[in-house]
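Chemist: Below you'll find query05.txt; it's compact mmCIF, C-alpha atoms (C1' of nucleotides).
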```txt
# COMPACT_ATOMS: atom_id res chain seq x y z
CA MET G 1 159.49 34.94 43.23
CA ALA G 2 155.95 36.10 43.88
CA ALA G 3 155.04 37.82 47.13
CA SER G 4 152.94 35.75 49.48
CA PRO G 5 149.29 36.80 49.63
CA GLN G 6 148.74 39.66 52.08
CA PRO G 7 145.55 40.87 53.71
CA PHE G 8 143.93 43.95 52.24
CA GLU G 9 146.04 44.80 49.25
CA PRO G 10 146.65 47.41 48.04
CA PRO G 11 147.21 49.23 51.36
CA PRO G 12 144.52 51.81 51.96
CA GLY G 13 145.14 55.37 50.80
CA ALA G 14 144.74 58.61 52.69
CA ALA G 15 141.07 58.96 51.75
CA PHE G 16 140.18 55.56 53.19
CA LEU G 17 142.11 56.36 56.35
CA LEU G 18 140.30 59.69 56.64
CA SER G 19 136.97 57.91 56.29
CA ALA G 20 137.89 55.23 58.81
CA LEU G 21 139.34 57.58 61.43
CA GLY G 22 136.53 60.05 60.85
CA SER G 23 134.02 57.31 61.54
CA LEU G 24 135.88 56.35 64.70
CA ALA G 25 136.13 59.96 65.86
CA ALA G 26 132.43 60.50 65.22
CA ALA G 27 131.44 57.38 67.16
CA ARG G 28 133.64 58.32 70.09
CA PHE G 29 132.29 61.85 70.10
CA ALA G 30 128.74 60.50 70.10
CA GLU G 31 129.59 58.42 73.18
CA ARG G 32 131.01 61.44 74.95
CA VAL G 33 128.11 63.78 74.31
CA ALA G 34 125.65 61.02 75.20
CA ALA G 35 126.83 61.64 78.78
CA LEU G 36 125.21 65.07 78.43
CA ASP G 37 122.12 63.49 76.84
CA LEU G 38 122.96 65.06 73.50
CA ALA G 39 123.32 63.64 70.02
CA PRO G 40 125.98 65.00 67.64
CA PRO G 41 123.45 66.76 65.37
CA GLN G 42 122.12 68.61 68.40
CA VAL G 43 125.63 69.68 69.32
CA GLY G 44 126.17 71.04 65.82
CA LEU G 45 122.93 72.95 66.02
CA LEU G 46 123.86 74.37 69.42
CA ARG G 47 127.14 75.59 67.95
CA ALA G 48 125.43 77.01 64.89
CA ILE G 49 122.96 78.98 67.00
CA ALA G 50 125.81 80.26 69.17
CA ALA G 51 127.70 81.36 66.06
CA THR G 52 124.78 83.23 64.48
CA PRO G 53 122.18 84.00 67.16
CA GLY G 54 118.75 85.28 66.21
CA GLN G 55 118.61 83.58 62.83
CA SER G 56 115.45 81.94 61.54
CA GLN G 57 115.16 78.17 61.31
CA GLN G 58 115.34 78.44 57.53
CA ALA G 59 118.58 80.40 57.74
CA VAL G 60 120.15 77.92 60.14
CA ALA G 61 118.96 75.04 57.98
CA GLN G 62 120.67 76.62 54.99
CA LEU G 63 123.87 77.20 56.95
CA LEU G 64 123.95 73.56 58.04
CA GLY G 65 122.83 72.31 54.63
CA THR G 66 119.88 70.39 55.96
CA PRO G 67 116.18 70.43 55.08
CA PRO G 68 114.27 72.84 57.36
CA SER G 69 111.90 70.08 58.43
CA ARG G 70 114.78 68.27 60.07
CA LEU G 71 115.49 71.26 62.26
CA VAL G 72 112.07 71.15 63.86
CA ALA G 73 112.66 68.02 65.93
CA LEU G 74 116.23 69.09 66.64
CA VAL G 75 115.14 72.48 67.99
CA ASP G 76 112.24 70.86 69.84
CA GLY G 77 114.62 68.58 71.69
CA LEU G 78 116.89 71.42 72.75
CA ALA G 79 113.99 73.73 73.58
CA ASP G 80 112.26 71.09 75.72
CA ARG G 81 115.37 70.98 77.87
CA GLY G 82 115.70 74.73 78.09
CA LEU G 83 118.89 75.03 76.06
CA VAL G 84 117.47 77.12 73.20
CA GLU G 85 114.46 79.39 72.72
CA ARG G 86 112.32 80.33 69.76
CA HIS G 87 111.65 84.07 69.76
CA ARG G 88 108.73 84.90 67.52
CA ASN G 89 109.37 87.99 65.42
CA PRO G 90 106.58 90.54 66.14
CA THR G 91 106.79 92.18 62.72
CA ASP G 92 106.71 88.88 60.82
CA ARG G 93 105.11 86.25 62.97
CA ARG G 94 106.16 83.45 60.64
CA LEU G 95 109.77 83.76 61.76
CA HIS G 96 111.24 82.03 64.81
CA ALA G 97 114.54 83.58 65.83
CA LEU G 98 116.74 81.00 67.54
CA HIS G 99 118.71 81.91 70.68
CA LEU G 100 120.67 80.06 73.32
CA THR G 101 119.51 80.29 76.92
CA ASP G 102 121.95 80.66 79.80
CA ALA G 103 121.68 76.90 80.29
CA GLY G 104 122.48 76.46 76.61
CA ARG G 105 125.61 78.57 76.95
CA ALA G 106 126.63 76.60 80.02
CA THR G 107 126.17 73.35 78.12
CA LEU G 108 128.24 74.74 75.27
CA GLY G 109 131.00 75.48 77.76
CA ARG G 110 130.93 71.91 78.98
CA LEU G 111 131.03 70.71 75.39
CA GLU G 112 134.15 72.74 74.86
CA ASN G 113 136.05 70.85 77.58
CA LEU G 114 134.64 67.60 76.36
CA GLY G 115 135.84 68.41 72.85
CA GLN G 116 139.38 68.97 74.09
CA GLU G 117 139.39 65.63 75.87
CA HIS G 118 138.05 64.08 72.67
CA ASP G 119 140.86 65.67 70.67
CA ASN G 120 143.45 64.33 73.08
CA ASP G 121 141.90 60.88 72.97
CA ILE G 122 141.90 60.70 69.18
CA CYS G 123 145.26 62.36 68.57
CA GLY G 124 147.12 60.82 71.50
CA ALA G 125 149.62 59.21 69.13
CA LEU G 126 150.87 62.61 67.93
CA ASP G 127 152.88 65.21 69.79
CA THR G 128 151.81 68.86 69.84
CA GLU G 129 153.79 69.85 66.80
CA GLU G 130 152.59 66.91 64.73
CA ARG G 131 149.02 67.60 65.75
CA ALA G 132 149.36 71.16 64.50
CA ARG G 133 150.77 69.94 61.18
CA LEU G 134 147.93 67.42 60.84
CA ARG G 135 145.39 70.10 61.61
CA ALA G 136 146.91 72.46 59.05
CA MET G 137 146.76 69.82 56.33
CA LEU G 138 143.19 68.90 57.16
CA ILE G 139 142.16 72.55 57.04
CA ARG G 140 143.73 72.90 53.60
CA ILE G 141 141.80 69.88 52.37
CA ALA G 142 138.58 71.20 53.89
CA GLU G 143 139.07 74.56 52.16
CA ASP G 144 139.91 72.87 48.88
CA GLN G 145 136.67 70.89 49.18
CA ASN G 146 134.67 74.04 49.94
CA LEU G 147 133.46 72.87 53.31
CA THR G 148 131.84 75.57 55.40
CA PRO G 149 134.23 76.05 58.35
CA GLY G 150 132.84 74.59 61.57
CA VAL G 151 129.96 72.83 59.84
CA HIS G 152 129.93 69.05 59.69
CA PRO G 153 129.09 67.83 56.17
CA GLY G 154 127.06 65.01 57.69
CA TYR G 155 124.14 67.45 57.68
CA ARG G 156 124.22 67.67 53.91
CA ARG G 157 122.32 65.28 51.71
CA ASP G 158 124.12 66.47 48.57
CA CYS G 159 127.97 66.67 48.82
CA MET U 1 138.93 95.77 73.65
CA ALA U 2 136.88 92.64 73.20
CA ALA U 3 137.13 90.65 70.00
CA SER U 4 134.11 90.94 67.72
CA PRO U 5 131.92 87.85 67.72
CA GLN U 6 133.20 85.19 65.35
CA PRO U 7 131.39 82.21 63.87
CA PHE U 8 132.12 78.83 65.39
CA GLU U 9 134.47 79.55 68.26
CA PRO U 10 136.65 77.91 69.36
CA PRO U 11 138.04 76.78 65.98
CA PRO U 12 137.52 73.06 65.46
CA GLY U 13 140.30 70.71 66.52
CA ALA U 14 141.87 67.87 64.61
CA ALA U 15 139.28 65.33 65.77
CA PHE U 16 136.40 67.41 64.42
CA LEU U 17 138.23 67.92 61.15
CA LEU U 18 138.86 64.18 60.90
CA SER U 19 135.18 63.50 61.47
CA ALA U 20 134.08 66.13 58.95
CA LEU U 21 136.52 65.14 56.22
CA GLY U 22 135.90 61.48 56.89
CA SER U 23 132.21 62.03 56.42
CA LEU U 24 132.88 63.88 53.17
CA ALA U 25 135.25 61.19 51.93
CA ALA U 26 132.73 58.47 52.76
CA ALA U 27 129.91 60.27 50.95
CA ARG U 28 132.05 60.84 47.87
CA PHE U 29 133.19 57.24 47.88
CA ALA U 30 129.58 56.08 48.10
CA GLU U 31 128.78 58.18 45.02
CA ARG U 32 131.66 56.67 43.10
CA VAL U 33 130.89 53.04 43.88
CA ALA U 34 127.20 53.65 43.18
CA ALA U 35 128.30 53.83 39.54
CA LEU U 36 129.19 50.14 39.90
CA ASP U 37 125.90 49.49 41.70
CA LEU U 38 127.72 48.84 44.94
CA ALA U 39 127.31 50.26 48.43
CA PRO U 40 130.38 50.90 50.62
CA PRO U 41 129.65 47.98 53.01
CA GLN U 42 129.58 45.65 50.00
CA VAL U 43 132.95 46.98 48.88
CA GLY U 44 134.41 46.34 52.31
CA LEU U 45 133.07 42.81 52.26
CA LEU U 46 134.49 42.21 48.78
CA ARG U 47 137.89 43.33 50.03
CA ALA U 48 137.64 41.21 53.16
CA ILE U 49 136.82 38.09 51.15
CA ALA U 50 139.71 38.81 48.79
CA ALA U 51 142.03 39.21 51.77
CA THR U 52 141.02 35.96 53.47
CA PRO U 53 139.32 33.69 50.93
CA GLY U 54 137.50 30.56 52.05
CA GLN U 55 136.52 31.88 55.47
CA SER U 56 133.10 31.21 56.96
CA GLN U 57 130.55 33.98 57.29
CA GLN U 58 131.04 33.95 61.04
CA ALA U 59 134.79 34.42 60.63
CA VAL U 60 134.33 37.29 58.19
CA ALA U 61 131.73 38.84 60.46
CA GLN U 62 134.21 38.72 63.32
CA LEU U 63 136.97 40.24 61.17
CA LEU U 64 134.69 43.11 60.16
CA GLY U 65 133.24 43.48 63.64
CA THR U 66 129.66 43.12 62.53
CA PRO U 67 126.85 40.76 63.60
CA PRO U 68 126.73 37.67 61.37
CA SER U 69 123.11 38.33 60.48
CA ARG U 70 124.15 41.51 58.74
CA LEU U 71 126.45 39.58 56.43
CA VAL U 72 123.60 37.52 55.04
CA ALA U 73 121.99 40.27 53.00
CA LEU U 74 125.40 41.65 52.07
CA VAL U 75 126.60 38.29 50.73
CA ASP U 76 123.22 37.71 49.08
CA GLY U 77 123.53 40.94 47.12
CA LEU U 78 127.02 40.11 45.90
CA ALA U 79 126.16 36.47 45.17
CA ASP U 80 123.04 37.41 43.17
CA ARG U 81 125.27 39.38 40.88
CA GLY U 82 127.86 36.67 40.57
CA LEU U 83 130.65 38.47 42.41
CA VAL U 84 131.02 36.01 45.30
CA GLU U 85 130.12 32.37 45.89
CA ARG U 86 129.20 30.36 48.96
CA HIS U 87 131.01 27.01 48.91
CA ARG U 88 129.39 24.59 51.27
CA ASN U 89 131.92 22.62 53.31
CA PRO U 90 131.29 18.88 52.67
CA THR U 91 132.64 17.77 56.06
CA ASP U 92 130.59 20.33 58.00
CA ARG U 93 127.61 21.36 55.97
CA ARG U 94 126.81 24.24 58.30
CA LEU U 95 129.78 26.24 57.00
CA HIS U 96 129.70 28.47 53.94
CA ALA U 97 133.18 29.28 52.70
CA LEU U 98 133.18 32.63 50.91
CA HIS U 99 135.12 33.09 47.66
CA LEU U 100 135.34 35.70 44.95
CA THR U 101 134.36 34.74 41.42
CA ASP U 102 136.33 35.91 38.38
CA ALA U 103 133.74 38.64 37.99
CA GLY U 104 134.30 39.57 41.63
CA ARG U 105 138.05 39.87 41.07
CA ALA U 106 137.42 41.99 37.99
CA THR U 107 135.15 44.28 39.99
CA LEU U 108 137.80 44.54 42.67
CA GLY U 109 140.26 45.64 40.01
CA ARG U 110 137.88 48.37 38.88
CA LEU U 111 137.43 49.43 42.50
CA GLU U 112 141.16 49.80 42.80
CA ASN U 113 141.31 52.38 40.02
CA LEU U 114 138.25 54.09 41.39
CA GLY U 115 139.90 54.26 44.80
CA GLN U 116 142.93 56.01 43.35
CA GLU U 117 140.74 58.60 41.64
CA HIS U 118 138.92 59.03 44.93
CA ASP U 119 142.20 59.58 46.74
CA ASN U 120 143.26 62.19 44.22
CA ASP U 121 139.90 63.92 44.49
CA ILE U 122 140.02 64.15 48.28
CA CYS U 123 143.72 64.96 48.65
CA GLY U 124 144.03 67.26 45.66
CA ALA U 125 145.13 70.13 47.90
CA LEU U 126 148.28 68.26 48.96
CA ASP U 127 151.36 67.43 46.94
CA THR U 128 152.78 63.91 46.88
CA GLU U 129 155.13 64.42 49.78
CA GLU U 130 152.48 66.03 51.98
CA ARG U 131 150.07 63.25 51.15
CA ALA U 132 152.62 60.69 52.31
CA ARG U 133 153.15 62.59 55.56
CA LEU U 134 149.40 62.80 56.12
CA ARG U 135 149.03 59.10 55.44
CA ALA U 136 151.84 58.26 57.85
CA MET U 137 150.25 60.29 60.64
CA LEU U 138 146.82 58.77 60.04
CA ILE U 139 148.31 55.27 60.13
CA ARG U 140 149.94 56.06 63.46
CA ILE U 141 146.63 57.25 64.88
CA ALA U 142 144.87 54.16 63.52
CA GLU U 143 147.43 51.87 65.15
CA ASP U 144 147.23 53.79 68.40
CA GLN U 145 143.45 53.31 68.33
CA ASN U 146 143.81 49.57 67.63
CA LEU U 147 141.93 49.68 64.35
CA THR U 148 142.24 46.52 62.29
CA PRO U 149 144.22 47.60 59.20
CA GLY U 150 142.06 47.78 56.11
CA VAL U 151 138.81 47.39 58.03
CA HIS U 152 136.45 50.34 58.26
CA PRO U 153 135.24 50.84 61.85
CA GLY U 154 131.81 51.75 60.50
CA TYR U 155 131.06 48.04 60.61
CA ARG U 156 131.47 47.95 64.37
CA ARG U 157 128.64 48.62 66.75
CA ASP U 158 130.95 48.86 69.76
CA CYS U 159 134.10 51.08 69.24
C1' DT N 1 100.11 83.83 45.92
C1' DA N 2 104.51 83.11 48.48
C1' DT N 3 106.97 81.85 52.59
C1' DT N 4 107.93 79.86 57.48
C1' DG N 5 107.50 76.40 60.17
C1' DT N 6 105.25 71.89 61.02
C1' DT N 7 103.45 67.30 60.43
C1' DA N 8 102.75 62.87 58.00
C1' DT N 9 104.63 59.42 55.58
C1' DA N 10 107.88 56.39 53.78
C1' DC N 11 112.42 54.63 53.20
C1' DT N 12 117.13 52.94 54.48
C1' DC N 13 120.10 50.88 57.54
C1' DT N 14 121.00 48.27 61.38
C1' DA N 15 120.71 45.33 65.65
C1' DT N 16 118.33 41.84 68.37
C1' DA N 17 116.32 37.78 68.90
C1' DA N 18 113.87 33.82 67.25
C1' DC N 19 114.30 30.06 64.13
C1' DT N 20 116.25 26.07 60.94
C1' DA N 21 119.76 22.91 59.68
C1' DT N 22 123.44 20.58 60.75
C1' DA N 23 126.68 18.62 64.10
C1' DT B 1 123.21 20.46 73.24
C1' DA B 2 125.85 23.63 70.55
C1' DT B 3 126.93 26.13 66.34
C1' DA B 4 126.36 28.33 61.34
C1' DG B 5 123.45 30.61 58.94
C1' DT B 6 118.92 32.74 58.21
C1' DT B 7 114.63 35.26 58.91
C1' DA B 8 111.49 38.38 61.42
C1' DT B 9 110.88 42.25 63.85
C1' DA B 10 111.67 46.64 65.58
C1' DG B 11 114.12 50.94 66.13
C1' DA B 12 116.79 55.06 64.77
C1' DG B 13 117.56 58.59 61.54
C1' DT B 14 116.41 60.97 57.55
C1' DA B 15 114.13 62.99 53.24
C1' DT B 16 109.97 64.24 50.70
C1' DA B 17 105.88 66.16 50.31
C1' DA B 18 101.57 67.82 52.10
C1' DC B 19 99.78 71.19 55.35
C1' DA B 20 98.64 75.41 58.46
C1' DA B 21 99.66 80.01 59.68
C1' DT B 22 101.11 84.32 58.30
C1' DA B 23 102.45 87.67 55.01
```
For this file, write the structure as structure tokens.
Modeler:
Amino acid sequence: MAASPQPFEPPPGAAFLLSALGSLAAARFAERVAALDLAPPQVGLLRAIAATPGQSQQAVAQLLGTPPSRLVALVDGLADRGLVERHRNPTDRRLHALHLTDAGRATLGRLENLGQEHDNDICGALDTEERARLRAMLIRIAEDQNLTPGVHPGYRRDC
Amino acid sequence: MAASPQPFEPPPGAAFLLSALGSLAAARFAERVAALDLAPPQVGLLRAIAATPGQSQQAVAQLLGTPPSRLVALVDGLADRGLVERHRNPTDRRLHALHLTDAGRATLGRLENLGQEHDNDICGALDTEERARLRAMLIRIAEDQNLTPGVHPGYRRDC
DNA sequence: TATTGTTATACTCTATAACTATA
DNA sequence: TATAGTTATAGAGTATAACAATA
């Protein structure tokens, strides 16, 4: 006999689940960093500047995969609050080298704790060993897909 | 001695990887369904109507977790192309029962194949057994987070 | 003339709230 | 008066392209 009609057949595959849980994780992360008056793209920029200090806006834009014009408002917002600084290069005054301030580094430290809490919130259903296995699989997928480590592909318009 | 400076420390946790890969998966899926002239929210609506045919727009809106006003344009787009129909309830003419047309069911069938290709694209780095383990872990996280199975949380404004 | 950063503009997506029609 | 659906409006976020300063 035929099966009775079930909601949402066929059951979603791993890619759908990744998209759904990724969306959830991103929304929850946005809530968390909102407590520090930051938006996720600003957090990514803060981390990018910390990873490669002194780079020009063009260079950081290329690293993140975003148009340079988008960086302007992002840097403005962080600079207005004293988290990053633009250092004008004396030999080529077109270039603005980006650096974190002490306050920026302090904020990054707070973000680190906040990120751990976020991880525990999202992965609470898994024990430590399972979490490590999940992480290992996700890293393999990310490498296979040529994602730049540490960079969120949400910055990219291509993909 | 101190470690040399490394990009993006500390290494991203599972939640960041979920967000990043979810974003990638969503973008790739959007590209795929664009070939059928569909946007991802339309696909989710198509699947929701198939899962619970004959429901009102309010009921579907509640299932998806989205404001009813958002459904209007979504249903309009699918109805204009003959994929869904609004059946007015004769006993209460305020209600529009949503149904798929034959063309809508055919499109859903094409989306099913397309979803499998998408899954293979995203999870190409994993073998069948690993993919099943990944899927099982993601389902456990989704249940732990009270996600409605089959519904993408991107529809929700709360979370 | 080429390049860095900036600004201006327009477009997409979405939520909120007002509105219409049915009850 | 309450409810289903619709429309109008506004806001956030982003990309594209024009622009100014510097080389």
Chemist: Contacts between chain B and chain G, please, where a residue of chain G counts if it comes within 8 Å (with all atoms listed in the file); show its shortest atom pair and distance in Å to one decimal, rows by chain and ascending number, as JSON lines.
Modeler:
```
{"residue": "G:Pro67", "atom": "CA", "partner": "B:DA15", "partner_atom": "C1'", "distance": 7.9}
{"residue": "G:Arg70", "atom": "CA", "partner": "B:DT14", "partner_atom": "C1'", "distance": 7.9}
{"residue": "G:Asp92", "atom": "CA", "partner": "B:DA23", "partner_atom": "C1'", "distance": 7.3}
{"residue": "G:Arg93", "atom": "CA", "partner": "B:DT22", "partner_atom": "C1'", "distance": 6.4}
{"residue": "G:Arg94", "atom": "CA", "partner": "B:DT22", "partner_atom": "C1'", "distance": 5.6}
```
Chemist: Export C-alpha atoms of the chosen residues as a short mmCIF file (atom, residue, chain, number, x, y, z; two decimals), in the coordinates of the input?
Modeler:
```cif
data_model
loop_
_atom_site.label_atom_id
_atom_site.label_comp_id
_atom_site.auth_asym_id
_atom_site.auth_seq_id
_atom_site.Cartn_x
_atom_site.Cartn_y
_atom_site.Cartn_z
CA PRO G 67 116.18 70.43 55.08
CA ARG G 70 114.78 68.27 60.07
CA ASP G 92 106.71 88.88 60.82
CA ARG G 93 105.11 86.25 62.97
CA ARG G 94 106.16 83.45 60.64
#
```
Chemist: Counting only C-alpha atoms (C1' of nucleotides), which residues have an atom no more than 9 Å from (131.5, 35.4, 58.7) in the file's coordinates? Please list them as a JSON list (two decimals) with C-alpha atoms, in the frame of the given file.
Modeler:
```json
[["chain", "number", "residue", "atom", "x", "y", "z"],
["U", 55, "GLN", "CA", 136.52, 31.88, 55.47],
["U", 56, "SER", "CA", 133.10, 31.21, 56.96],
["U", 57, "GLN", "CA", 130.55, 33.98, 57.29],
["U", 58, "GLN", "CA", 131.04, 33.95, 61.04],
["U", 59, "ALA", "CA", 134.79, 34.42, 60.63],
["U", 60, "VAL", "CA", 134.33, 37.29, 58.19],
["U", 61, "ALA", "CA", 131.73, 38.84, 60.46],
["U", 62, "GLN", "CA", 134.21, 38.72, 63.32],
["U", 63, "LEU", "CA", 136.97, 40.24, 61.17],
["U", 64, "LEU", "CA", 134.69, 43.11, 60.16],
["U", 66, "THR", "CA", 129.66, 43.12, 62.53],
["U", 67, "PRO", "CA", 126.85, 40.76, 63.60],
["U", 68, "PRO", "CA", 126.73, 37.67, 61.37],
["U", 71, "LEU", "CA", 126.45, 39.58, 56.43],
["U", 72, "VAL", "CA", 123.60, 37.52, 55.04],
["U", 96, "HIS", "CA", 129.70, 28.47, 53.94],
["U", 97, "ALA", "CA", 133.18, 29.28, 52.70],
["U", 98, "LEU", "CA", 133.18, 32.63, 50.91]]
```
Chemist: Point out the residue among U:Val43, U:Ala27, U:Leu83, U:Ala73 with the least atom-to-atom distance to chain N, counting all atoms listed in the file.
Modeler: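 Among U:Val43, U:Ala27, U:Leu83, U:Ala73, it is U:Ala73 that comes nearest to chain N.
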Chemist: Please provide chain G as a CSV table (one decimal) with C-alpha atoms, in the frame of the given file, once it has been superposed on chain U by least squares across all sequentially paired Cα atoms.
Modeler:
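File produced: superposed-v5.csv:
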```
chain,number,residue,atom,x,y,z
G,1,MET,CA,139.1,95.8,73.7
G,2,ALA,CA,137.0,92.6,73.2
G,3,ALA,CA,137.2,90.7,70.0
G,4,SER,CA,134.2,90.9,67.8
G,5,PRO,CA,132.0,87.8,67.8
G,6,GLN,CA,133.2,85.2,65.4
G,7,PRO,CA,131.4,82.2,63.9
G,8,PHE,CA,132.1,78.8,65.4
G,9,GLU,CA,134.4,79.5,68.2
G,10,PRO,CA,136.6,77.9,69.4
G,11,PRO,CA,138.0,76.8,66.0
G,12,PRO,CA,137.5,73.1,65.5
G,13,GLY,CA,140.3,70.7,66.5
G,14,ALA,CA,141.9,67.9,64.6
G,15,ALA,CA,139.3,65.3,65.7
G,16,PHE,CA,136.4,67.4,64.4
G,17,LEU,CA,138.2,67.9,61.1
G,18,LEU,CA,138.8,64.2,60.9
G,19,SER,CA,135.2,63.5,61.5
G,20,ALA,CA,134.1,66.1,59.0
G,21,LEU,CA,136.5,65.1,56.2
G,22,GLY,CA,135.9,61.5,56.9
G,23,SER,CA,132.2,62.0,56.4
G,24,LEU,CA,132.9,63.9,53.2
G,25,ALA,CA,135.2,61.2,51.9
G,26,ALA,CA,132.7,58.5,52.8
G,27,ALA,CA,129.9,60.3,50.9
G,28,ARG,CA,132.0,60.8,47.9
G,29,PHE,CA,133.2,57.2,47.9
G,30,ALA,CA,129.6,56.1,48.1
G,31,GLU,CA,128.8,58.2,45.0
G,32,ARG,CA,131.7,56.7,43.1
G,33,VAL,CA,130.9,53.0,43.9
G,34,ALA,CA,127.2,53.6,43.2
G,35,ALA,CA,128.3,53.8,39.5
G,36,LEU,CA,129.2,50.1,39.9
G,37,ASP,CA,125.9,49.5,41.7
G,38,LEU,CA,127.7,48.8,44.9
G,39,ALA,CA,127.3,50.2,48.4
G,40,PRO,CA,130.4,50.9,50.6
G,41,PRO,CA,129.6,48.0,53.0
G,42,GLN,CA,129.6,45.6,50.0
G,43,VAL,CA,132.9,47.0,48.9
G,44,GLY,CA,134.4,46.3,52.3
G,45,LEU,CA,133.1,42.8,52.2
G,46,LEU,CA,134.5,42.2,48.8
G,47,ARG,CA,137.9,43.3,50.0
G,48,ALA,CA,137.6,41.2,53.2
G,49,ILE,CA,136.8,38.1,51.1
G,50,ALA,CA,139.7,38.8,48.8
G,51,ALA,CA,142.0,39.2,51.8
G,52,THR,CA,141.0,36.0,53.5
G,53,PRO,CA,139.3,33.7,50.9
G,54,GLY,CA,137.5,30.6,52.0
G,55,GLN,CA,136.5,31.9,55.5
G,56,SER,CA,133.1,31.2,57.0
G,57,GLN,CA,130.5,34.0,57.3
G,58,GLN,CA,131.1,33.9,61.0
G,59,ALA,CA,134.8,34.4,60.6
G,60,VAL,CA,134.3,37.3,58.2
G,61,ALA,CA,131.7,38.8,60.5
G,62,GLN,CA,134.2,38.7,63.3
G,63,LEU,CA,137.0,40.2,61.2
G,64,LEU,CA,134.7,43.1,60.1
G,65,GLY,CA,133.2,43.5,63.6
G,66,THR,CA,129.7,43.1,62.5
G,67,PRO,CA,126.8,40.8,63.6
G,68,PRO,CA,126.7,37.7,61.4
G,69,SER,CA,123.1,38.3,60.5
G,70,ARG,CA,124.1,41.5,58.7
G,71,LEU,CA,126.4,39.6,56.5
G,72,VAL,CA,123.6,37.5,55.0
G,73,ALA,CA,122.0,40.2,53.0
G,74,LEU,CA,125.4,41.6,52.1
G,75,VAL,CA,126.6,38.3,50.7
G,76,ASP,CA,123.2,37.7,49.1
G,77,GLY,CA,123.5,40.9,47.1
G,78,LEU,CA,127.0,40.1,45.9
G,79,ALA,CA,126.2,36.5,45.2
G,80,ASP,CA,123.0,37.4,43.2
G,81,ARG,CA,125.3,39.4,40.9
G,82,GLY,CA,127.9,36.7,40.6
G,83,LEU,CA,130.6,38.5,42.4
G,84,VAL,CA,131.0,36.0,45.3
G,85,GLU,CA,130.1,32.4,45.9
G,86,ARG,CA,129.2,30.3,49.0
G,87,HIS,CA,131.0,27.0,48.9
G,88,ARG,CA,129.4,24.6,51.3
G,89,ASN,CA,131.9,22.6,53.3
G,90,PRO,CA,131.3,18.9,52.7
G,91,THR,CA,132.7,17.8,56.1
G,92,ASP,CA,130.7,20.3,58.0
G,93,ARG,CA,127.6,21.4,56.0
G,94,ARG,CA,126.9,24.2,58.4
G,95,LEU,CA,129.8,26.2,57.0
G,96,HIS,CA,129.7,28.4,53.9
G,97,ALA,CA,133.2,29.3,52.7
G,98,LEU,CA,133.2,32.6,50.9
G,99,HIS,CA,135.1,33.1,47.7
G,100,LEU,CA,135.3,35.7,44.9
G,101,THR,CA,134.4,34.7,41.4
G,102,ASP,CA,136.3,35.9,38.4
G,103,ALA,CA,133.7,38.7,38.0
G,104,GLY,CA,134.3,39.6,41.6
G,105,ARG,CA,138.0,39.9,41.1
G,106,ALA,CA,137.4,42.0,38.0
G,107,THR,CA,135.2,44.3,40.0
G,108,LEU,CA,137.8,44.5,42.7
G,109,GLY,CA,140.3,45.6,40.0
G,110,ARG,CA,137.9,48.4,38.9
G,111,LEU,CA,137.4,49.4,42.5
G,112,GLU,CA,141.2,49.8,42.8
G,113,ASN,CA,141.3,52.4,40.0
G,114,LEU,CA,138.3,54.1,41.4
G,115,GLY,CA,139.9,54.3,44.8
G,116,GLN,CA,142.9,56.0,43.3
G,117,GLU,CA,140.8,58.6,41.6
G,118,HIS,CA,138.9,59.0,44.9
G,119,ASP,CA,142.2,59.6,46.7
G,120,ASN,CA,143.3,62.2,44.2
G,121,ASP,CA,139.9,63.9,44.5
G,122,ILE,CA,140.0,64.1,48.3
G,123,CYS,CA,143.7,65.0,48.7
G,124,GLY,CA,144.0,67.3,45.7
G,125,ALA,CA,145.1,70.1,47.9
G,126,LEU,CA,148.3,68.3,49.0
G,127,ASP,CA,151.4,67.5,46.9
G,128,THR,CA,152.8,63.9,46.9
G,129,GLU,CA,155.1,64.5,49.8
G,130,GLU,CA,152.5,66.1,52.0
G,131,ARG,CA,150.1,63.3,51.2
G,132,ALA,CA,152.6,60.7,52.3
G,133,ARG,CA,153.2,62.6,55.6
G,134,LEU,CA,149.4,62.8,56.1
G,135,ARG,CA,149.0,59.1,55.4
G,136,ALA,CA,151.8,58.3,57.9
G,137,MET,CA,150.2,60.3,60.6
G,138,LEU,CA,146.8,58.8,60.0
G,139,ILE,CA,148.3,55.3,60.1
G,140,ARG,CA,149.9,56.1,63.5
G,141,ILE,CA,146.6,57.2,64.9
G,142,ALA,CA,144.8,54.2,63.5
G,143,GLU,CA,147.4,51.9,65.1
G,144,ASP,CA,147.2,53.8,68.4
G,145,GLN,CA,143.4,53.3,68.3
G,146,ASN,CA,143.8,49.6,67.6
G,147,LEU,CA,141.9,49.7,64.3
G,148,THR,CA,142.2,46.5,62.3
G,149,PRO,CA,144.2,47.6,59.2
G,150,GLY,CA,142.1,47.8,56.1
G,151,VAL,CA,138.8,47.4,58.0
G,152,HIS,CA,136.4,50.3,58.2
G,153,PRO,CA,135.2,50.8,61.8
G,154,GLY,CA,131.8,51.7,60.5
G,155,TYR,CA,131.0,48.0,60.6
G,156,ARG,CA,131.5,48.0,64.4
G,157,ARG,CA,128.6,48.7,66.7
G,158,ASP,CA,130.9,48.9,69.7
G,159,CYS,CA,134.0,51.2,69.3
```
Chemist: I'd like the interatomic distance between CA of Ile141 in chain U and CA of Leu126 in chain G, to a tenth of an Å.
Modeler: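 Between CA of Ile141 in chain U and CA of Leu126 in chain G the gap works out to 7.5 Å.
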Chemist: Calculated over all atoms listed in the file, which of the candidates G:Arg133, G:Ala125, G:Asn113, G:Gly44 has the smallest distance to chain U?
Modeler: G:Ala125
Chemist: Pick from U:Gly104, U:Val151, U:Asp127, U:Thr91: nearest to Leu78 in chain U, with all atoms listed in the file counted?
Modeler: U:Gly104
